[in-house]
Amino acid sequence: MRRLSFGSLLIGLNTGLVLLAVVAVAVSAVGLIERFADEQGLARVNLAGTSAQEAVERSARDVRTSAQLLAERPTVKRLLEAGNAAGLTAFLDRFRQTSALSGVAILSKGRIFAASGAPIPQAKDEWEGSIHRLSGGALVLAAASSLVATPDASAEAWLILDAGFARQIARQVRLPVAILDPARALADPRDPRMPLRAEVLATGEPGSARLPSAGLYLSVRPLRDPAGEVAAVIETKLPRDALASSLARLVRKLLLLALLVACAATLSGLLISRRLTRPVQALTASAARIGRGDLSTPTPRAPGAELGMLASTMEEMRRRLLQLTSELRRRQAEGEAILTGIVEGVLSVDRDRRIRYLNPPAAVMLGVRPEEAIGRFCGDVLNPEGRDGVRPCEESCPIIHARFRGGATATERLRRPDGTRRAVVITSAPPAEDQQVQVLRDETDVEAARRQRDAVLANISHEFRTPLSAQLASLELLRDRLLGSPEGLDAVTRDLVLSLERGSLRLTQLIDNLLESVRIESGQDSIRSRPVALDEVIEEAVEMTAPLLAQRGQAIEIDLPYPLPAVRGDAPRLTQVFVNLLANANKFAPAGSTVRVGGALEEGGITLWVEDEGPGIPDVSGGASGRSLFDRFVRLAGEGEEPESSGMGLGLAIVRSIVERHGGTVEAAAGSGGRGTRLRIVLPRRLAGEESAA
């Protein structure tokens, strides 16, 4: 029996391996393609289901908006007050057709005054444009809104989720859509779609699946009522036949391509196996060593021009890889030392915001081990707390903002696995090479110190304010009694009493500013909305600062438009605004000068100002000093030194905060004639009976 040569054996072996590999790849590819087709089918039906669910939500918002618009129509109010039911019905017909609603109605004192469209039971208070299931099983989107200035009347709008509505959504998502109440969804136990429907109704979570027995891909998503219960499901399906023909053509082409590749590989193996067997084996072994990380063994030389060049190239590559590997290891060691030694936490994420690196300080800060955090979504590891229980990962994530702004910083409260909370400042850098680095700085102790400082300051200010108020009242009583005594009051005693009264007023004003500053910084500076007479506010502020003006012999002139319209706001806070403005003018204006209070009525706003004859603010026209003047702890004094009683720099900052919370603006400008300073505020012009939607 003739024995086969090594070359022939190698040729046959290579040919068999190539054929086997091609067949294996073809079979695997067919399976992968089928799985990919299933994934694409599920992705498409899920996308259509999400779009259908969003379409229902948009319709709900449209119904709510329609109810509000109908309630705000002056025609509705006029016809209702006139008792014209026929005219109101005609108006409702036009409104319903224009808004594409199933029905609208106007209720007066709990009874239907006029209606148009398909009737449904009377709306309830909790109907706010969400889905509702009626007693007969019908599904509607209903909303109710009270008529403007007519609280005993309301406007109602509804949209019935019938087959026509489902067809309209189906045209939008380009797949069949059905909206089912729980009874219809579970009516047929033999329907292969019922298990998925039952699961969605039970868990309230959307679901999708491939149903081989039904030959389709199915997506079922819940529709919730105002109580959060699942009132119905919206179902989107995709027949598998739509993908089967494309899949069959792709499989045929793949098998043909695999056969061609196998033939070409067999032919090439027959031609070059004998020539390349031994040198290629040597080079293969060298490449395998390099792939395993063995860069110390040199590549052997090979005969022939091509193989010789390949061998020399591999040897050069080995030497360069050896140098690069050594340099990379050195730099990696340096980077690890730096990242491990710094105090701040450092982490990097990929495009999907999954953690790829976490240094030890960050792991300690978050209360996790680095190996547990790698590969996880950063929001699950950091666990930030947002408003209303919603994590900021979806709306205000600094990582996302940094991708568009070139960098972002946010302060988050993170909940650690052990239940403790940490206040952390997260600075995110823009992405670089599919990675994004974040620096975490723990400010828990700083925040605690700030809260403790505010609490101590508030307590001290409160404890000072009570005895000062009593002292001021006693001084006023003492002054009145001394002035009314038969002996009269000599000049020295009068000056002493007035000096004590002015000092108490300044201390009271300083303590009020400190308390207001603490409330502003802690976010507790709320503003009440009530009718306020501005002339009374200014008169009270002038009375409160009269002793301070009299101390320096300053006169005050008031020139306000008459009548001055009322605004909505917080009278004590607005009084504090003008007290601070007058006190500021008193400090910086020279003795014996005049402080002027004026105003003007403008379209949409009321402008009031306090003007002094002091040195003015440097470069106020440029805007820089004008803005910084209203910052906390800023004290500017024109030319020369600040007055001795310059305060802490809180008064104008509090003025800006109160005015902005009233919806107004404040600015500093040069006084009339270019001398002195005019501090001007603009308040929105609102009627006393007007209710603000804010």
# chains A, B, ... in the order shown; residues from 1 in each chain; ligands from 1

$ select_by_dssp --residues "stretch 50-189 of chain A" --states "strand (DSSP E or B)" --output "ChimeraX atom specification"
/A:103-108,111-117,128-133,139-147,150-160,177-180

$ residues_around --residues "stretch 674-688 of chain A" --least-positions-apart "6" --cutoff "7 Å" --atoms "only C-alpha atoms" --output "JSON, numbers by chain"
{"A": [531, 566, 567, 568, 604, 605, 606, 607, 608, 609, 610, 611, 612, 613, 614, 615, 616, 617, 663, 664, 665, 666, 667, 668]}

$ residues_around --residues "stretch 554-556 of chain A" --least-positions-apart "6" --cutoff "8 Å" --atoms "only C-alpha atoms" --output "ChimeraX atom specification"
/A:586,591-597

$ write_last_selection --atoms "N, CA and C atoms" --output "compact mmCIF listing (two decimals), in the first residue's frame"
# COMPACT_ATOMS: atom_id res chain seq x y z
N ASN A 586 -29.20 106.26 52.21
CA ASN A 586 -28.83 107.00 53.41
C ASN A 586 -27.34 106.85 53.72
N ALA A 591 -24.33 114.00 53.84
CA ALA A 591 -25.25 114.61 54.80
C ALA A 591 -25.86 115.87 54.21
N GLY A 592 -27.14 116.09 54.54
CA GLY A 592 -27.83 117.26 54.05
C GLY A 592 -28.32 117.15 52.63
N SER A 593 -28.13 116.00 51.96
CA SER A 593 -28.58 115.83 50.58
C SER A 593 -30.04 115.36 50.56
N THR A 594 -30.54 115.14 49.34
CA THR A 594 -31.93 114.75 49.16
C THR A 594 -32.00 113.36 48.54
N VAL A 595 -32.83 112.50 49.10
CA VAL A 595 -33.09 111.17 48.56
C VAL A 595 -34.45 111.21 47.88
N ARG A 596 -34.50 110.79 46.63
CA ARG A 596 -35.73 110.89 45.84
C ARG A 596 -36.29 109.50 45.56
N VAL A 597 -37.61 109.38 45.69
CA VAL A 597 -38.34 108.15 45.36
C VAL A 597 -39.32 108.50 44.25

$ atom_distance --atom1 "atom CA of A:Pro195" --atom2 "atom CA of A:Leu223"
17.5 Å

$ residues_around --residues "A:Leu440" --least-positions-apart "3" --cutoff "12 Å" --atoms "only C-alpha atoms" --output "ChimeraX atom specification"
/A:342-348,358-366,382,398,409-414,422-429,437,443-444

$ closest_residue --among "A:Arg376, A:Arg530, A:Arg552, A:Arg210" --to "A:Pro572" --atoms "only C-alpha atoms"
A:Arg530
